[in-house]
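A quick write-up on the structure given underneath.
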Amino acid sequence: MYLIDGVQVEKKDFTLPVENIGVWRGDGIFEAIRIHEGYPFGIDLHIERFKKSASKVFFDNINFEKIKKDILLVAENFQNGYVRTLILRNEKDSFNVFCFYQPPIDVPEYFTLQTQKAYWQGGGDFLEDDVFNIGTKSTSYAMNISHTRFAESNGYTDALLVNRENIILEGPTWTFGWIINDHIHVPDLDLGILDSITRRYLIRFGKEKKLKVSIGRLAEEELENIQSAFVLSTAKHAIPVSKINKINYSHHALINEIQQTFKDEVNIERP
């Protein structure tokens, strides 16, 4: 299913010109939401973040209630997969909204990660309140994907981004989490990482005493001390990591608990 500005079109008509600034400048924002039996999980939090991204890159007069209805319309037609929504700028003051269905993607049972410095990320040099556009979920993902490609060329599943002091940040398209002393940890937002929706849920599970969750920082040299690690995103509700660089990790039972807690939350939220 394909929608442009709320109007359903055929796949052959789901196009945009190269002149679109969203193409040659990456001037746009997006959200991807996973579908669970026709329901887009976490839709309200995704819309909330969408609004924040829009304000950070100066998109005005966007009807997010209409976008939410479009997302629900697409999702209710499918059992699983994803709804992707992009707002791309045409000119200075105009834009188009593209909303479409993406079939389920194959996710590895385990990830292997290679640490790489991400010079283009804030990495803690600037706090969230210091820079107006930090943490924007923009369509400018070329640098992220180049890290993934480099890791793949070296035989890894993906990259694990670090700052200049080798503090763990995030993956190119996901949040990183780790387990130490049977306790779950995620990085803090002042590192300049994306405010991941699944990360928000995980922190909430901790506040609700469903899991033991803390926010902190982990240095690359401390990777030898952790019990386990996992990848977290809309498409990945805690996928275990089997290796980072040359360090191997065993599967930790807490990762199963995280996965089950997300399944339970989906069942609670789904109408």
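Following the order of the structure tokens, first chain is A, next is B, and so on, with residues numbered from 1 inside each chain and ligands from 1 in the order they appear.
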
Residues within 8 Å of Asn245 in chain A, only C-alpha atoms, excluding chain neighbours under 6 positions, as a PyMOL selection string: chain A and resi 112-115

Could those selected residues go to a file with N, CA and C atoms, as an mmCIF file, in the first residue's frame?
data_model
loop_
_atom_site.group_PDB
_atom_site.id
_atom_site.type_symbol
_atom_site.label_atom_id
_atom_site.label_comp_id
_atom_site.auth_asym_id
_atom_site.auth_seq_id
_atom_site.Cartn_x
_atom_site.Cartn_y
_atom_site.Cartn_z
ATOM 1 N N THR A 112 27.034 -9.795 15.151
ATOM 2 C CA THR A 112 28.449 -9.596 15.439
ATOM 3 C C THR A 112 28.765 -8.152 15.073
ATOM 4 N N LEU A 113 29.482 -7.445 15.944
ATOM 5 C CA LEU A 113 29.668 -6.005 15.792
ATOM 6 C C LEU A 113 31.145 -5.625 15.788
ATOM 7 N N GLN A 114 31.448 -4.613 15.000
ATOM 8 C CA GLN A 114 32.791 -4.051 14.960
ATOM 9 C C GLN A 114 32.721 -2.597 15.403
ATOM 10 N N THR A 115 33.484 -2.221 16.418
ATOM 11 C CA THR A 115 33.471 -0.837 16.884
ATOM 12 C C THR A 115 34.144 0.067 15.854
#

Who sits within 12 Å of Phe59 in chain A, only C-alpha atoms, same chain under 3 positions skipped, as a VMD selection string: chain A and resid 27 to 29 50 to 56 62 to 64 87 to 97 138

One decimal, in Å: what's the spacing between CA of Ile4 in chain A and CA of Asn80 in chain A? 21.5 Å

Within 7 Å of Leu232 in chain A, counting only C-alpha atoms, which residues show up once you throw out same-chain ones fewer than 2 positions away? Write them as a PyMOL selection string, please. chain A and resi 174-176+198+230+236-239

If you count only C-alpha atoms, which residues fall within 8 Å of Gln102 in chain A, apart from same-chain ones fewer than 4 positions away, as a list in words? Gly81, Tyr82, Val83 and Arg84 of chain A

Who sits within 9 Å of Met143 in chain A, only C-alpha atoms, same chain under 6 positions skipped, as a PDB file with N, CA and C atoms, in the first residue's frame:
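See around-v7.pdb below for the written result:
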ATOM      1  N   ALA A 118      32.659   7.308  15.174  1.00  0.00           N
ATOM      2  CA  ALA A 118      31.671   8.084  14.408  1.00  0.00           C
ATOM      3  C   ALA A 118      31.963   9.561  14.640  1.00  0.00           C
ATOM      4  N   TRP A 120      31.157  12.112  13.068  1.00  0.00           N
ATOM      5  CA  TRP A 120      30.066  13.021  12.707  1.00  0.00           C
ATOM      6  C   TRP A 120      28.980  13.074  13.775  1.00  0.00           C
ATOM      7  N   PRO A 172      24.300   1.912  13.715  1.00  0.00           N
ATOM      8  CA  PRO A 172      23.884   2.796  12.623  1.00  0.00           C
ATOM      9  C   PRO A 172      22.377   2.979  12.517  1.00  0.00           C
TER      10      PRO A 172
END

Would you please extract all helix (DSSP H, G or I) residues from range 36-150 of chain A, as assigned by DSSP on the backbone, and give them as a VMD selection string? chain A and resid 43 to 56 64 to 75 142 to 150

Selected residue, from A:Leu218, A:Val131, A:Val266, A:Met1, that lies nearest to Tyr201 in chain A when counting only C-alpha atoms: A:Val266

Just want the 8 Å neighbourhood of range 156-165 of chain A, counted on only C-alpha atoms, with same-chain residues fewer than 2 positions away dropped. Output as a PDB file with C-alpha atoms, in the first residue's frame.
ATOM      1  CA  PHE A 111      24.690  -9.949  15.729  1.00  0.00           C
ATOM      2  CA  THR A 112      28.449  -9.596  15.439  1.00  0.00           C
ATOM      3  CA  LEU A 113      29.668  -6.005  15.792  1.00  0.00           C
ATOM      4  CA  GLN A 114      32.791  -4.051  14.960  1.00  0.00           C
ATOM      5  CA  THR A 115      33.471  -0.837  16.884  1.00  0.00           C
ATOM      6  CA  GLN A 116      34.045   2.215  14.696  1.00  0.00           C
ATOM      7  CA  LYS A 117      34.574   5.869  15.514  1.00  0.00           C
ATOM      8  CA  ALA A 118      31.671   8.084  14.408  1.00  0.00           C
ATOM      9  CA  TYR A 119      33.301  11.498  14.031  1.00  0.00           C
ATOM     10  CA  GLN A 121      28.094  12.271  15.886  1.00  0.00           C
ATOM     11  CA  GLY A 122      27.928  14.606  18.880  1.00  0.00           C
ATOM     12  CA  GLY A 123      29.274  11.828  21.101  1.00  0.00           C
ATOM     13  CA  GLY A 124      28.759  13.844  24.276  1.00  0.00           C
ATOM     14  CA  HIS A 147      29.632   2.226   8.808  1.00  0.00           C
ATOM     15  CA  THR A 148      27.404  -0.803   8.246  1.00  0.00           C
ATOM     16  CA  ARG A 149      28.979  -1.445   4.845  1.00  0.00           C
ATOM     17  CA  PHE A 150      32.493  -1.215   6.297  1.00  0.00           C
ATOM     18  CA  ALA A 151      31.651  -3.651   9.103  1.00  0.00           C
ATOM     19  CA  GLU A 152      30.103  -6.068   6.606  1.00  0.00           C
ATOM     20  CA  SER A 153      33.225  -5.910   4.449  1.00  0.00           C
ATOM     21  CA  ASN A 154      35.199  -7.056   7.501  1.00  0.00           C
ATOM     22  CA  ILE A 167      32.471   5.520  24.645  1.00  0.00           C
ATOM     23  CA  ILE A 168      29.768   3.306  23.112  1.00  0.00           C
ATOM     24  CA  LEU A 169      27.058   5.330  21.336  1.00  0.00           C
ATOM     25  CA  GLU A 170      24.662   3.235  19.244  1.00  0.00           C
ATOM     26  CA  GLY A 171      24.444   1.229  16.055  1.00  0.00           C
ATOM     27  CA  PRO A 172      23.884   2.796  12.623  1.00  0.00           C
ATOM     28  CA  ALA A 219      33.728   2.397  27.331  1.00  0.00           C
ATOM     29  CA  GLU A 220      35.074   0.138  24.603  1.00  0.00           C
TER      30      GLU A 220
END

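Distances from A:Leu73, A:Leu127, A:Ile21, A:Val9 to Ile193 in chain A were compared using only C-alpha atoms, and the smallest one belongs to A:Leu127.
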
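Using only C-alpha atoms, the nearest neighbour of Cys99 in chain A within the list A:Ile145, A:Ile33, A:Leu3, A:Leu45 is A:Leu3.
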
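Distance-wise, CA of Ile47 in chain A and CA of Ser196 in chain A end up 12.5 Å apart.
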
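Proximity ranking of A:Lys11, A:Arg199, A:Lys66, A:Arg217 relative to Val231 in chain A places A:Arg199 first, based on only C-alpha atoms.
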
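Distances here use only C-alpha atoms; by that measure, the residue among A:Phe132, A:Tyr110, A:Phe126, A:Phe262 closest to Ala229 in chain A is A:Tyr110.
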